[in-house]
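First comes the structure, then the notes that go with it.
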Amino acid sequence: NAGVTQTPKFQVLKTGQSMTLQCAQDMNHEYMSWYRQDPGMGLRLIHYSVGAGITDQGEVPNGYNVSRSTTEDFPLRLLSAAPSQTSVYFCASSPAGDPYNEQFFGPGTRLTVL
Amino acid sequence: AQSVTQPDIHITVSEGASLELRCNYSYGATPYLFWYVQSPGQGLQLLLKYFSGDTLVQGIKGFEAEFKRSQSSFNLRKPSVHWSDAAEYFCAVGAVDTGRRALTFGSGTRLQVQP
């Protein structure tokens, strides 16, 4: 198992550009989520999905879109990048059942918006 | 809404010394509680979790945490710290009464280990 994979590892964008952060898991987990990590603020939930075709907003969803067409993939789209979106982005997945089974985190994507 | 406070931003201990990292949460019922560790440049790894049962929880790498309802705390402890424990530690709470199944994280405590 590769676990949770994220691409790219690093990305630099200019203000106004769009891009998609990729996240995939090979553990057949139903639940997937995106967090951003900023210094001194821990991780904050952006969007999450409880299964294919089902997504919902988290704590800081503005400026981001998600979709979940398959169990394996959960891409995060930045529609028009802003410097405030400079952050490290983590994708996580967990299995169904116990609401708080361990969440498995990817290695992160470091995004800089100029 | 739930919240988590980690009062110590940065802690330095000597190798072999004991460690306690503080975590206080705010939530109306008994939450799910977690400690995660993040090594530099890495993702997060679960150390331990608590929902019910014995209030002293054992985790990986020799860590344990104690849930104290009266103090709304879930402090992480290790009797003897190793240099490889240097990392950032996050306490997190998960709400039971929503379908969100997402975690609210504290701001983290960075642990430095002196030789």
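Starting from 1 in every chain, residues are counted up; chains themselves are A, B, ... following the order of the structure tokens, and ligands are numbered from 1 as listed.
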Worksheet item: Hey, what's within 8 Å of stretch 86-98 of chain A if we count only C-alpha atoms and toss same-chain stuff fewer than 2 positions away? As a PyMOL selection string, please?
Response: (chain A and resi 4+6+23+25+28-38+82-84+100-113) or (chain B and resi 43)
Worksheet entry | Contacts of B:Glu20 at 8 Å (only C-alpha atoms; same-chain gap of 3+ positions) as a ChimeraX atom specification | /B:75-78
Against chain A, which residues of chain B fall within 10 Å? For each one I want the closest pair of atoms and the distance in Å (one decimal), counting only C-alpha atoms, rows by chain and increasing residue number, as a Markdown table.
```
| residue | atom | partner | partner_atom | distance |
| --- | --- | --- | --- | --- |
| B:Val4 | CA | A:Gly42 | CA | 9.9 |
| B:Gln6 | CA | A:Gly42 | CA | 10.0 |
| B:Ile9 | CA | A:Gly40 | CA | 8.0 |
| B:Tyr32 | CA | A:Tyr100 | CA | 7.2 |
| B:Leu33 | CA | A:Tyr100 | CA | 9.3 |
| B:Phe34 | CA | A:Glu102 | CA | 9.1 |
| B:Tyr36 | CA | A:Gln103 | CA | 10.0 |
| B:Gly41 | CA | A:Pro107 | CA | 7.7 |
| B:Gln42 | CA | A:Pro107 | CA | 5.4 |
| B:Gly43 | CA | A:Pro107 | CA | 4.4 |
| B:Leu44 | CA | A:Phe105 | CA | 5.8 |
| B:Gln45 | CA | A:Phe105 | CA | 7.2 |
| B:Leu46 | CA | A:Glu102 | CA | 6.9 |
| B:Leu47 | CA | A:Glu102 | CA | 9.8 |
| B:Leu48 | CA | A:Glu102 | CA | 9.0 |
| B:Lys49 | CA | A:Glu102 | CA | 8.3 |
| B:Tyr50 | CA | A:Tyr100 | CA | 9.8 |
| B:Phe51 | CA | A:Tyr100 | CA | 9.0 |
| B:Tyr89 | CA | A:Gly42 | CA | 9.7 |
| B:Phe90 | CA | A:Gly42 | CA | 7.3 |
| B:Cys91 | CA | A:Gly42 | CA | 9.2 |
| B:Ala92 | CA | A:Leu43 | CA | 9.4 |
| B:Val93 | CA | A:Tyr100 | CA | 9.9 |
| B:Gly94 | CA | A:Tyr100 | CA | 7.3 |
| B:Ala95 | CA | A:Tyr100 | CA | 9.2 |
| B:Val96 | CA | A:Pro99 | CA | 7.8 |
| B:Thr98 | CA | A:Pro99 | CA | 9.9 |
| B:Gly99 | CA | A:Pro99 | CA | 8.5 |
| B:Arg100 | CA | A:Tyr48 | CA | 7.8 |
| B:Arg101 | CA | A:Pro99 | CA | 6.0 |
| B:Ala102 | CA | A:Leu45 | CA | 7.3 |
| B:Leu103 | CA | A:Leu45 | CA | 7.6 |
| B:Thr104 | CA | A:Arg44 | CA | 7.0 |
| B:Phe105 | CA | A:Gly42 | CA | 5.7 |
| B:Gly106 | CA | A:Gly42 | CA | 5.5 |
| B:Ser107 | CA | A:Gly42 | CA | 3.9 |
| B:Gly108 | CA | A:Gly42 | CA | 5.8 |
| B:Thr109 | CA | A:Gly40 | CA | 9.2 |
```
Worksheet item: DSSP says strand (DSSP E or B) for which residues of chain A? Put them as an MDAnalysis selection string?
Response: chainID A and resid 4:7 10:13 19:25 31:37 43:51 54:57 64:66 73 76:78 87:94 104:105 109:113
Item to complete: Write down as JSON, numbers by chain the residues of chain B whose backbone DSSP state falls under helix (DSSP H, G or I).
Response: {"B": [60, 61, 62, 69, 70, 71, 83, 84, 85]}
